[in-house]
Amino acid sequence: MATRLQPVDAVLIGVGLVGTMLGRELTRAGLKVVGLERGEPRHTVPDFQGPHMHDELRYSVRKALMQDNTKETLTFRNHAGQTALPIRRWEGFLPGTGLGGAAVHWNGQTYRFQDSDLRMRTLTAERYGANFMARDLLVQDWGVSAADLEPYYDRFEYLLGISGKAGHLNGRKIPGGNPFEDNRSRDYPTPPMKEPYGSAMFRKAAESLGHHPYPQPSANLSQPYVNPEGMTLNTCMFCGFCERYGCEHYAKSSPQTILLPVLLNDKNFELRTRCQVLRINKDASGKRATGVTYVDGTGREFEQPADLVILGGFALNNVRMLLLSGIGTPYDPQTGKGVVGRNYAYQTMSAVQVFYGQDININPFMRSGASGTVISDFVGDNFDHGPLGFVGGAYIGEVMSHGRPIEFHPTPPGTPAWGSDWKKAVIKHYNHTAVLNVHGSSVSCTRNYLDLDPTYRDAWGLPLLRMTFDFHENDLKMSQYLTARALEIGKAMGGREVVGSPRKGPYTVTQYQTTHNTGGTVMGDDPSTSVVNRYLQSWDLPNLFVIGASNFPQNASYNPTGTVGALAYWAADAIVRQYLRSPGPLVHA
Amino acid sequence: MDASRRTFLKAAGAAAVVSGSDVAAQARQDAAHAASHEQHAHAPSAASGRAPYLFFNADEAAFMEAAVARLIPADEAGPGAIEAGVPAYIDNQLAGAWGAGERLYRGGPWQLGTPQQGYQLPFTPAELFRHGLKAVREDLRRSYGSPEFEGLPPEQQDAYLEAMRAGKRDLDGVPSEVFFESLWALTIEGFFCDPVYGGNKDMVSWKMIGFPGAYANYYHLVDQHGLAFDRPPMSLAQNGRGVIHLHAVPAGQGAAGGAPGKKGN
């Protein structure tokens, strides 16, 4: 039997980036808040210190900071005709766990989605006609515009101290920044990162082709910075151990470096780690959350009553928590009815390798998680899709983040897979290869979705989440077109050999692509096509807010964290300014 | 890894690399020299010639040493998997938590699924190697009349490994490409990992490709485009005198820091 605990004003499911931000905003508003984190407590000191943090085998290959598959994983299949099987080891994407969540071991690439992403269905129809998109796409508007989110993007960027260069500031276009970005009210809080060699060659080549290269906005900072919460960050040292690692230098924005210490000092906040939430509880009417039931590290079960429940986990876990709790109608691909698990999307990635001669030392190990140069000329709707027959796009950039050799040992096509010639090719090319990324959008469609697996279970006996996903033809076409653009730039970079191929199906979980899993609890204006309203409040339970990349109706070209942060502040603002004054639905459907 | 096993490995490496250039010959001489230096430590099993491996039995060790010597050979470009200590690295991994299935979801039911669904065998890594290596011997016996891979000429060894990679060998229910994939992944790890894990001995692979290892700061170098970075690499386990500890560091000494630029042991 569960032990019933004293009620609190609010309970957070997950103390990662979203949980930390909401915890701070709610305690500041005077609420008593309990944060439940399933993983370990961990801090820059002693947990992320060098030289032991610089252990490729432990962190990149064995994935020490990631969710433990023996306890919790998900099942996967390409289409509904297959039997989904468990992802027994993480390879294709890497869900995190533990205090601070995935924002501990992210790369720090921090973008704003564009208005053409947030109002994609409306603007696509306006520009290309209502029948332009494939009929099975579930692409829809978010219920917010870029202008709505601008103040929240701004606040998030100043919390993190993002290093970058504005391209569109108070109506003015600024050379060297991203000319395609929507208007911003302030420049980035810190100047751009130093530009590594490969990125500099990319910039020159992209410019020569008429594109508009700019420094990738970075949560690894170019200079020391004190954020509005009084937290001090340091300068990034370009150590090359960023994604999949914690930062020993206090140079990467993470909950631990930007906010968590402030929250942990607040007497209104209580952190409980190693607490696995099993479900969100509802009252007899089914219209109000009463709190959560969780199991602690020693196996004891507790019920934590709360007036307000914030579900702020990783996108996939947010979806699963709603399904396990029986909140909202699960999506049924046969009928098209239901919303929980609908609109699962990903990212459509490809790469181009530029092989140089021995005279060009790329020094791939002198990198940060976000120190590259990119172009947005082919992002979202920044180019004419009329003759192309697809929607969406990609940013292209030289955004190498490391030279760790177990993962990175490029060889040109035609190299044997092993043996003496393989070894010689690795020696020849290791320090003389630049890699371009094509970071593409992902549409939502009727056949890709998330639900509960009928067979496989987690360590607590609960059904695993089941992912049914393959790339839509729209995105494969997009990748074809965009990878060709990246090859043009690669050739202009002067390498001896330039190779790359577009993303092709079927999607596989055996090859790392990205951890930008999105959708499943999407936001919107219509309860028949969304799980939460524009303030991320559940349509079913007004005292439940679901926040994360699970809110994205489809995924844009850019990395998601900037938008997750902006949405977290947007929702927190709505809770504090509107909901707490008058608890109830903030939008009447 | 203690001195006794390192000694064995070097001796094993010298035996396994049957062909090679002057460089390889020099590597063997160095290994023998180093071995004689380290004999005095504590090498109870070195004298018997048997592997002081934690996981592999003698037959398994013979295959592993011969196979990784072909996968990453010593040649004129430099040392190979044997010189880097790859067999000891793999042995360590299989004998430990990872070999026992750490972070591997093991709930059934079991079915092979599609290639896109990833590894679906009920075996832990240790079980996969125990089962797979036995099946390799049986497969070799059927094809060549002898189970000893190490006895084949190098060209036949290479052809066998390539057939395994292509999924063309019968390994008693284990798809041979799955077995090869594990063997190759572990070989790469053992070749390129930090020496603290018992592979990449003396950071040989890092020196060959120019990876500096565990340094933490290139802030002043990153914008010196094209710089030839020639500082010797640094291990996680390097102490202030440049010695790499391959076993527990005594309390108070610490394994951190160290003067960059000093050569490993």
# chains A, B, ... in the order shown; residues from 1 in each chain; ligands from 1

call {"tool": "interface_residues", "arguments": {"of": "chain A", "to": "chain B", "cutoff": "6 Å", "atoms": "only C-alpha atoms", "output": "short mmCIF file (atom, residue, chain, number, x, y, z; two decimals) with C-alpha atoms, in the first residue's frame"}}
result
data_model
loop_
_atom_site.label_atom_id
_atom_site.label_comp_id
_atom_site.auth_asym_id
_atom_site.auth_seq_id
_atom_site.Cartn_x
_atom_site.Cartn_y
_atom_site.Cartn_z
CA PRO A 51 40.05 14.25 -16.27
CA HIS A 52 37.60 11.43 -15.59
CA HIS A 54 36.92 12.84 -20.56
CA ASP A 68 19.17 2.52 -17.83
CA ASN A 69 17.60 0.18 -20.39
CA THR A 70 17.41 -2.67 -17.91
CA ARG A 88 17.81 -3.33 -25.84
CA ARG A 89 20.70 -0.87 -26.01
CA PRO A 196 37.17 26.61 -35.70
CA TYR A 197 39.03 25.91 -38.94
CA MET A 237 37.58 25.66 -23.32
CA PHE A 238 36.77 23.70 -26.53
CA CYS A 239 37.72 20.44 -24.82
CA ILE A 360 45.07 20.77 -43.83
CA ASN A 361 44.95 20.04 -40.10
CA MET A 366 39.42 21.30 -30.52
CA ILE A 406 36.06 5.36 -31.04
CA TRP A 418 38.89 -3.49 -41.43
CA GLY A 419 42.50 -4.58 -41.81
CA SER A 420 45.70 -2.85 -42.72
CA ILE A 427 45.55 7.49 -39.94
CA THR A 508 16.79 2.35 -37.89
CA VAL A 509 17.43 2.57 -34.15
CA THR A 510 20.90 1.07 -34.62
#

call {"tool": "residues_around", "arguments": {"residues": "Ala166 of chain B", "least_positions_apart": "5", "cutoff": "9 Å", "atoms": "only C-alpha atoms", "output": "JSON, numbers by chain"}}
result
{"B": [161, 176, 177, 180]}

call {"tool": "residues_around", "arguments": {"residues": "Pro46 of chain A", "least_positions_apart": "6", "cutoff": "12 Å", "atoms": "only C-alpha atoms", "output": "list in words"}}
result
His52, Met53, Gly246, Cys247, Glu248 and His249 of chain A

call {"tool": "write_last_selection", "arguments": {"atoms": "C-alpha atoms", "output": "PDB file, in the first residue's frame"}}
result
ATOM      1  CA  HIS A  52      37.601  11.434 -15.593  1.00  0.00           C
ATOM      2  CA  MET A  53      34.768  13.163 -17.408  1.00  0.00           C
ATOM      3  CA  GLY A 246      28.745  16.890 -18.107  1.00  0.00           C
ATOM      4  CA  CYS A 247      30.843  20.068 -18.256  1.00  0.00           C
ATOM      5  CA  GLU A 248      33.607  20.402 -15.696  1.00  0.00           C
ATOM      6  CA  HIS A 249      34.253  24.028 -16.601  1.00  0.00           C
TER       7      HIS A 249
END

call {"tool": "select_by_dssp", "arguments": {"residues": "segment 59-106 of chain B", "states": "alpha helix (DSSP H)", "output": "MDAnalysis selection string"}}
result
chainID B and resid 59:71 86:95

call {"tool": "closest_residue", "arguments": {"among": "A:Ser208, A:Ser254, A:Ser145, A:Asn517", "to": "Met21 of chain A", "atoms": "only C-alpha atoms"}}
result
A:Ser254

call {"tool": "residues_around", "arguments": {"residues": "Asp266 of chain A", "least_positions_apart": "6", "cutoff": "9 Å", "atoms": "only C-alpha atoms", "output": "list in words"}}
result
Arg24, Thr27 and Arg28 of chain A

call {"tool": "write_last_selection", "arguments": {"atoms": "C-alpha atoms", "output": "PDB file, in the first residue's frame"}}
result
ATOM      1  CA  ARG A  24      11.829  28.160  -9.772  1.00  0.00           C
ATOM      2  CA  THR A  27       8.311  28.642  -5.663  1.00  0.00           C
ATOM      3  CA  ARG A  28       8.916  32.276  -6.520  1.00  0.00           C
TER       4      ARG A  28
END

call {"tool": "residues_around", "arguments": {"residues": "Phe55 of chain B", "least_positions_apart": "6", "cutoff": "10 Å", "atoms": "only C-alpha atoms", "output": "PDB file with N, CA and C atoms, in the first residue's frame"}}
result
ATOM      1  N   ALA B  61      41.036 -17.625 -26.352  1.00  0.00           N
ATOM      2  CA  ALA B  61      42.110 -16.632 -26.403  1.00  0.00           C
ATOM      3  C   ALA B  61      42.907 -16.766 -27.694  1.00  0.00           C
ATOM      4  N   ALA B  88      43.279  -8.198 -24.186  1.00  0.00           N
ATOM      5  CA  ALA B  88      43.095  -8.015 -22.738  1.00  0.00           C
ATOM      6  C   ALA B  88      41.924  -7.072 -22.466  1.00  0.00           C
ATOM      7  N   ILE B  90      39.249  -6.677 -24.341  1.00  0.00           N
ATOM      8  CA  ILE B  90      37.988  -7.391 -24.584  1.00  0.00           C
ATOM      9  C   ILE B  90      37.718  -8.378 -23.448  1.00  0.00           C
ATOM     10  N   ASP B  91      38.770  -9.061 -23.023  1.00  0.00           N
ATOM     11  CA  ASP B  91      38.631 -10.006 -21.916  1.00  0.00           C
ATOM     12  C   ASP B  91      38.070  -9.315 -20.676  1.00  0.00           C
ATOM     13  N   ASN B  92      38.624  -8.159 -20.375  1.00  0.00           N
ATOM     14  CA  ASN B  92      38.174  -7.379 -19.220  1.00  0.00           C
ATOM     15  C   ASN B  92      36.707  -6.989 -19.336  1.00  0.00           C
ATOM     16  N   GLN B  93      36.321  -6.543 -20.514  1.00  0.00           N
ATOM     17  CA  GLN B  93      34.936  -6.122 -20.722  1.00  0.00           C
ATOM     18  C   GLN B  93      33.983  -7.301 -20.559  1.00  0.00           C
ATOM     19  N   LEU B  94      34.361  -8.441 -21.137  1.00  0.00           N
ATOM     20  CA  LEU B  94      33.459  -9.588 -21.080  1.00  0.00           C
ATOM     21  C   LEU B  94      33.394 -10.174 -19.672  1.00  0.00           C
ATOM     22  N   ALA B  95      34.464 -10.032 -18.923  1.00  0.00           N
ATOM     23  CA  ALA B  95      34.492 -10.570 -17.563  1.00  0.00           C
ATOM     24  C   ALA B  95      33.731  -9.684 -16.580  1.00  0.00           C
ATOM     25  N   GLY B  96      33.455  -8.456 -16.980  1.00  0.00           N
ATOM     26  CA  GLY B  96      32.876  -7.493 -16.039  1.00  0.00           C
ATOM     27  C   GLY B  96      31.387  -7.290 -16.232  1.00  0.00           C
ATOM     28  N   GLY B  99      29.926  -7.245 -19.785  1.00  0.00           N
ATOM     29  CA  GLY B  99      29.791  -8.595 -20.336  1.00  0.00           C
ATOM     30  C   GLY B  99      28.574  -9.321 -19.788  1.00  0.00           C
ATOM     31  N   ALA B 126      28.914 -11.598 -22.816  1.00  0.00           N
ATOM     32  CA  ALA B 126      29.755 -12.729 -22.416  1.00  0.00           C
ATOM     33  C   ALA B 126      29.208 -14.030 -22.996  1.00  0.00           C
ATOM     34  N   PHE B 129      29.887 -14.314 -26.764  1.00  0.00           N
ATOM     35  CA  PHE B 129      31.252 -14.723 -27.108  1.00  0.00           C
ATOM     36  C   PHE B 129      31.501 -16.185 -26.738  1.00  0.00           C
ATOM     37  N   ARG B 130      30.982 -16.605 -25.579  1.00  0.00           N
ATOM     38  CA  ARG B 130      31.191 -18.011 -25.198  1.00  0.00           C
ATOM     39  C   ARG B 130      30.556 -18.925 -26.248  1.00  0.00           C
TER      40      ARG B 130
END

call {"tool": "residues_around", "arguments": {"residues": "Leu264 of chain A", "least_positions_apart": "4", "cutoff": "10 Å", "atoms": "only C-alpha atoms", "output": "JSON, numbers by chain"}}
result
{"A": [20, 23, 24, 259, 260, 268, 269, 270, 271]}

call {"tool": "residues_around", "arguments": {"residues": "Gly524 of chain A", "least_positions_apart": "3", "cutoff": "12 Å", "atoms": "only C-alpha atoms", "output": "PDB file with N, CA and C atoms, in the first residue's frame"}}
result
ATOM      1  N   LEU A 118       5.905  27.584 -36.584  1.00  0.00           N
ATOM      2  CA  LEU A 118       4.834  27.570 -35.580  1.00  0.00           C
ATOM      3  C   LEU A 118       3.449  27.680 -36.221  1.00  0.00           C
ATOM      4  N   ARG A 119       3.376  28.301 -37.389  1.00  0.00           N
ATOM      5  CA  ARG A 119       2.088  28.428 -38.090  1.00  0.00           C
ATOM      6  C   ARG A 119       2.188  27.723 -39.449  1.00  0.00           C
ATOM      7  N   VAL A 139       0.562  17.750 -40.138  1.00  0.00           N
ATOM      8  CA  VAL A 139       1.177  19.043 -39.828  1.00  0.00           C
ATOM      9  C   VAL A 139       0.085  20.021 -39.409  1.00  0.00           C
ATOM     10  N   GLN A 140       0.298  20.712 -38.302  1.00  0.00           N
ATOM     11  CA  GLN A 140      -0.710  21.661 -37.837  1.00  0.00           C
ATOM     12  C   GLN A 140      -0.066  22.841 -37.120  1.00  0.00           C
ATOM     13  N   ASP A 141      -0.863  23.873 -36.900  1.00  0.00           N
ATOM     14  CA  ASP A 141      -0.369  25.067 -36.211  1.00  0.00           C
ATOM     15  C   ASP A 141      -0.249  24.788 -34.708  1.00  0.00           C
ATOM     16  N   TRP A 142       0.655  25.532 -34.087  1.00  0.00           N
ATOM     17  CA  TRP A 142       0.929  25.308 -32.672  1.00  0.00           C
ATOM     18  C   TRP A 142      -0.050  26.035 -31.747  1.00  0.00           C
ATOM     19  N   GLY A 143      -0.718  27.041 -32.277  1.00  0.00           N
ATOM     20  CA  GLY A 143      -1.556  27.873 -31.406  1.00  0.00           C
ATOM     21  C   GLY A 143      -0.807  29.044 -30.818  1.00  0.00           C
ATOM     22  N   VAL A 144       0.468  29.183 -31.171  1.00  0.00           N
ATOM     23  CA  VAL A 144       1.260  30.355 -30.774  1.00  0.00           C
ATOM     24  C   VAL A 144       2.055  30.810 -31.993  1.00  0.00           C
ATOM     25  N   SER A 145       2.431  32.082 -31.986  1.00  0.00           N
ATOM     26  CA  SER A 145       3.238  32.627 -33.078  1.00  0.00           C
ATOM     27  C   SER A 145       4.633  32.964 -32.564  1.00  0.00           C
ATOM     28  N   VAL A 339      -5.708  11.520 -29.393  1.00  0.00           N
ATOM     29  CA  VAL A 339      -4.638  12.512 -29.495  1.00  0.00           C
ATOM     30  C   VAL A 339      -3.335  12.134 -28.779  1.00  0.00           C
ATOM     31  N   ASN A 343       1.065  12.545 -33.714  1.00  0.00           N
ATOM     32  CA  ASN A 343       2.052  13.557 -34.141  1.00  0.00           C
ATOM     33  C   ASN A 343       3.463  13.274 -33.629  1.00  0.00           C
ATOM     34  N   GLY A 519       6.693  15.374 -30.115  1.00  0.00           N
ATOM     35  CA  GLY A 519       5.268  15.117 -30.311  1.00  0.00           C
ATOM     36  C   GLY A 519       4.699  14.098 -29.352  1.00  0.00           C
ATOM     37  N   THR A 521       2.141  14.686 -27.185  1.00  0.00           N
ATOM     38  CA  THR A 521       1.243  15.435 -26.287  1.00  0.00           C
ATOM     39  C   THR A 521       1.161  16.857 -26.837  1.00  0.00           C
ATOM     40  N   PRO A 527      -9.127  20.551 -29.166  1.00  0.00           N
ATOM     41  CA  PRO A 527      -8.936  19.338 -28.352  1.00  0.00           C
ATOM     42  C   PRO A 527      -9.023  18.047 -29.160  1.00  0.00           C
ATOM     43  N   SER A 528      -9.563  18.090 -30.362  1.00  0.00           N
ATOM     44  CA  SER A 528      -9.620  16.848 -31.139  1.00  0.00           C
ATOM     45  C   SER A 528      -8.309  16.563 -31.862  1.00  0.00           C
ATOM     46  N   THR A 529      -7.409  17.548 -31.888  1.00  0.00           N
ATOM     47  CA  THR A 529      -6.104  17.317 -32.528  1.00  0.00           C
ATOM     48  C   THR A 529      -4.937  17.696 -31.619  1.00  0.00           C
ATOM     49  N   SER A 530      -5.203  17.986 -30.355  1.00  0.00           N
ATOM     50  CA  SER A 530      -4.105  18.325 -29.443  1.00  0.00           C
ATOM     51  C   SER A 530      -4.420  17.822 -28.039  1.00  0.00           C
ATOM     52  N   VAL A 531      -3.375  17.643 -27.247  1.00  0.00           N
ATOM     53  CA  VAL A 531      -3.501  17.118 -25.886  1.00  0.00           C
ATOM     54  C   VAL A 531      -3.561  18.257 -24.877  1.00  0.00           C
ATOM     55  N   VAL A 532      -2.842  19.328 -25.194  1.00  0.00           N
ATOM     56  CA  VAL A 532      -2.821  20.496 -24.294  1.00  0.00           C
ATOM     57  C   VAL A 532      -3.177  21.742 -25.100  1.00  0.00           C
ATOM     58  N   ASN A 533      -3.666  22.748 -24.405  1.00  0.00           N
ATOM     59  CA  ASN A 533      -3.998  23.995 -25.083  1.00  0.00           C
ATOM     60  C   ASN A 533      -2.734  24.833 -25.301  1.00  0.00           C
ATOM     61  N   ARG A 534      -2.905  26.043 -25.784  1.00  0.00           N
ATOM     62  CA  ARG A 534      -1.732  26.848 -26.141  1.00  0.00           C
ATOM     63  C   ARG A 534      -0.879  27.211 -24.923  1.00  0.00           C
ATOM     64  N   TYR A 535      -1.422  27.053 -23.714  1.00  0.00           N
ATOM     65  CA  TYR A 535      -0.635  27.290 -22.493  1.00  0.00           C
ATOM     66  C   TYR A 535      -0.081  25.985 -21.911  1.00  0.00           C
ATOM     67  N   LEU A 536      -0.190  24.919 -22.674  1.00  0.00           N
ATOM     68  CA  LEU A 536       0.339  23.600 -22.304  1.00  0.00           C
ATOM     69  C   LEU A 536      -0.434  22.978 -21.151  1.00  0.00           C
ATOM     70  N   GLN A 537      -1.665  23.440 -20.994  1.00  0.00           N
ATOM     71  CA  GLN A 537      -2.562  22.914 -19.970  1.00  0.00           C
ATOM     72  C   GLN A 537      -3.383  21.772 -20.575  1.00  0.00           C
ATOM     73  N   SER A 538      -3.474  20.668 -19.850  1.00  0.00           N
ATOM     74  CA  SER A 538      -4.241  19.525 -20.342  1.00  0.00           C
ATOM     75  C   SER A 538      -5.687  19.937 -20.601  1.00  0.00           C
ATOM     76  N   TRP A 539      -6.207  19.503 -21.760  1.00  0.00           N
ATOM     77  CA  TRP A 539      -7.623  19.755 -22.050  1.00  0.00           C
ATOM     78  C   TRP A 539      -8.506  18.970 -21.085  1.00  0.00           C
ATOM     79  N   ASN A 551       5.270  18.625 -26.908  1.00  0.00           N
ATOM     80  CA  ASN A 551       4.255  19.587 -27.334  1.00  0.00           C
ATOM     81  C   ASN A 551       4.335  19.937 -28.823  1.00  0.00           C
ATOM     82  N   PHE A 552       5.421  19.580 -29.503  1.00  0.00           N
ATOM     83  CA  PHE A 552       5.615  20.005 -30.888  1.00  0.00           C
ATOM     84  C   PHE A 552       4.669  19.227 -31.818  1.00  0.00           C
ATOM     85  N   PRO A 553       3.826  19.893 -32.583  1.00  0.00           N
ATOM     86  CA  PRO A 553       2.955  19.178 -33.515  1.00  0.00           C
ATOM     87  C   PRO A 553       3.720  18.519 -34.663  1.00  0.00           C
ATOM     88  N   GLN A 554       4.880  19.030 -34.985  1.00  0.00           N
ATOM     89  CA  GLN A 554       5.809  18.435 -35.950  1.00  0.00           C
ATOM     90  C   GLN A 554       7.160  19.050 -35.600  1.00  0.00           C
ATOM     91  N   VAL A 587      -8.258  28.076 -21.534  1.00  0.00           N
ATOM     92  CA  VAL A 587      -8.856  28.214 -22.866  1.00  0.00           C
ATOM     93  C   VAL A 587     -10.124  27.375 -22.856  1.00  0.00           C
ATOM     94  N   ALA A 589     -12.608  25.409 -25.009  1.00  0.00           N
ATOM     95  CA  ALA A 589     -12.677  24.858 -26.366  1.00  0.00           C
ATOM     96  C   ALA A 589     -14.104  24.968 -26.924  1.00  0.00           C
TER      97      ALA A 589
END

call {"tool": "decode", "arguments": {"residues": "segment 101-123 of chain B", "atoms": "N, CA and C atoms", "output": "PDB file, in the first residue's frame"}}
result
ATOM      1  N   GLY B 101      25.776  -8.035 -19.126  1.00  0.00           N
ATOM      2  CA  GLY B 101      24.517  -7.479 -19.606  1.00  0.00           C
ATOM      3  C   GLY B 101      24.111  -6.179 -18.960  1.00  0.00           C
ATOM      4  N   GLU B 102      25.089  -5.470 -18.399  1.00  0.00           N
ATOM      5  CA  GLU B 102      24.789  -4.164 -17.826  1.00  0.00           C
ATOM      6  C   GLU B 102      24.141  -3.268 -18.884  1.00  0.00           C
ATOM      7  N   ARG B 103      23.053  -2.610 -18.512  1.00  0.00           N
ATOM      8  CA  ARG B 103      22.346  -1.680 -19.406  1.00  0.00           C
ATOM      9  C   ARG B 103      21.852  -2.335 -20.702  1.00  0.00           C
ATOM     10  N   LEU B 104      21.550  -3.611 -20.597  1.00  0.00           N
ATOM     11  CA  LEU B 104      20.991  -4.339 -21.734  1.00  0.00           C
ATOM     12  C   LEU B 104      19.614  -4.851 -21.312  1.00  0.00           C
ATOM     13  N   TYR B 105      18.561  -4.370 -21.966  1.00  0.00           N
ATOM     14  CA  TYR B 105      17.206  -4.818 -21.608  1.00  0.00           C
ATOM     15  C   TYR B 105      17.073  -6.287 -21.967  1.00  0.00           C
ATOM     16  N   ARG B 106      16.677  -7.124 -21.014  1.00  0.00           N
ATOM     17  CA  ARG B 106      16.701  -8.567 -21.235  1.00  0.00           C
ATOM     18  C   ARG B 106      15.355  -9.233 -21.043  1.00  0.00           C
ATOM     19  N   GLY B 107      14.290  -8.472 -21.183  1.00  0.00           N
ATOM     20  CA  GLY B 107      12.975  -9.084 -21.080  1.00  0.00           C
ATOM     21  C   GLY B 107      12.580  -9.772 -22.384  1.00  0.00           C
ATOM     22  N   GLY B 108      11.974 -10.959 -22.278  1.00  0.00           N
ATOM     23  CA  GLY B 108      11.462 -11.643 -23.456  1.00  0.00           C
ATOM     24  C   GLY B 108      10.041 -11.210 -23.732  1.00  0.00           C
ATOM     25  N   PRO B 109       9.382 -11.782 -24.729  1.00  0.00           N
ATOM     26  CA  PRO B 109       9.869 -12.857 -25.598  1.00  0.00           C
ATOM     27  C   PRO B 109      10.927 -12.390 -26.600  1.00  0.00           C
ATOM     28  N   TRP B 110      11.652 -13.399 -27.121  1.00  0.00           N
ATOM     29  CA  TRP B 110      12.779 -13.105 -28.005  1.00  0.00           C
ATOM     30  C   TRP B 110      12.433 -13.439 -29.440  1.00  0.00           C
ATOM     31  N   GLN B 111      12.683 -12.531 -30.325  1.00  0.00           N
ATOM     32  CA  GLN B 111      12.654 -12.847 -31.746  1.00  0.00           C
ATOM     33  C   GLN B 111      13.638 -11.934 -32.458  1.00  0.00           C
ATOM     34  N   LEU B 112      14.142 -12.362 -33.618  1.00  0.00           N
ATOM     35  CA  LEU B 112      15.250 -11.633 -34.237  1.00  0.00           C
ATOM     36  C   LEU B 112      14.847 -10.278 -34.782  1.00  0.00           C
ATOM     37  N   GLY B 113      13.631 -10.173 -35.304  1.00  0.00           N
ATOM     38  CA  GLY B 113      13.189  -8.878 -35.812  1.00  0.00           C
ATOM     39  C   GLY B 113      13.908  -8.458 -37.069  1.00  0.00           C
ATOM     40  N   THR B 114      13.823  -7.162 -37.381  1.00  0.00           N
ATOM     41  CA  THR B 114      14.466  -6.628 -38.577  1.00  0.00           C
ATOM     42  C   THR B 114      15.801  -6.015 -38.188  1.00  0.00           C
ATOM     43  N   PRO B 115      16.682  -5.796 -39.172  1.00  0.00           N
ATOM     44  CA  PRO B 115      17.955  -5.140 -38.848  1.00  0.00           C
ATOM     45  C   PRO B 115      17.743  -3.769 -38.200  1.00  0.00           C
ATOM     46  N   GLN B 116      16.635  -3.109 -38.556  1.00  0.00           N
ATOM     47  CA  GLN B 116      16.386  -1.764 -38.013  1.00  0.00           C
ATOM     48  C   GLN B 116      16.073  -1.809 -36.514  1.00  0.00           C
ATOM     49  N   GLN B 117      15.684  -2.987 -36.005  1.00  0.00           N
ATOM     50  CA  GLN B 117      15.303  -3.092 -34.593  1.00  0.00           C
ATOM     51  C   GLN B 117      16.479  -3.410 -33.678  1.00  0.00           C
ATOM     52  N   GLY B 118      17.645  -3.643 -34.259  1.00  0.00           N
ATOM     53  CA  GLY B 118      18.842  -3.792 -33.441  1.00  0.00           C
ATOM     54  C   GLY B 118      18.986  -5.169 -32.798  1.00  0.00           C
ATOM     55  N   TYR B 119      19.942  -5.253 -31.917  1.00  0.00           N
ATOM     56  CA  TYR B 119      20.326  -6.520 -31.285  1.00  0.00           C
ATOM     57  C   TYR B 119      19.146  -7.136 -30.533  1.00  0.00           C
ATOM     58  N   GLN B 120      18.818  -8.373 -30.861  1.00  0.00           N
ATOM     59  CA  GLN B 120      17.660  -9.024 -30.232  1.00  0.00           C
ATOM     60  C   GLN B 120      17.982 -10.437 -29.747  1.00  0.00           C
ATOM     61  N   LEU B 121      19.255 -10.791 -29.640  1.00  0.00           N
ATOM     62  CA  LEU B 121      19.578 -12.134 -29.151  1.00  0.00           C
ATOM     63  C   LEU B 121      19.443 -12.173 -27.633  1.00  0.00           C
ATOM     64  N   PRO B 122      19.080 -13.338 -27.079  1.00  0.00           N
ATOM     65  CA  PRO B 122      18.967 -13.444 -25.614  1.00  0.00           C
ATOM     66  C   PRO B 122      20.325 -13.421 -24.909  1.00  0.00           C
ATOM     67  N   PHE B 123      21.411 -13.489 -25.657  1.00  0.00           N
ATOM     68  CA  PHE B 123      22.741 -13.573 -25.040  1.00  0.00           C
ATOM     69  C   PHE B 123      23.216 -12.241 -24.462  1.00  0.00           C
TER      70      PHE B 123
END
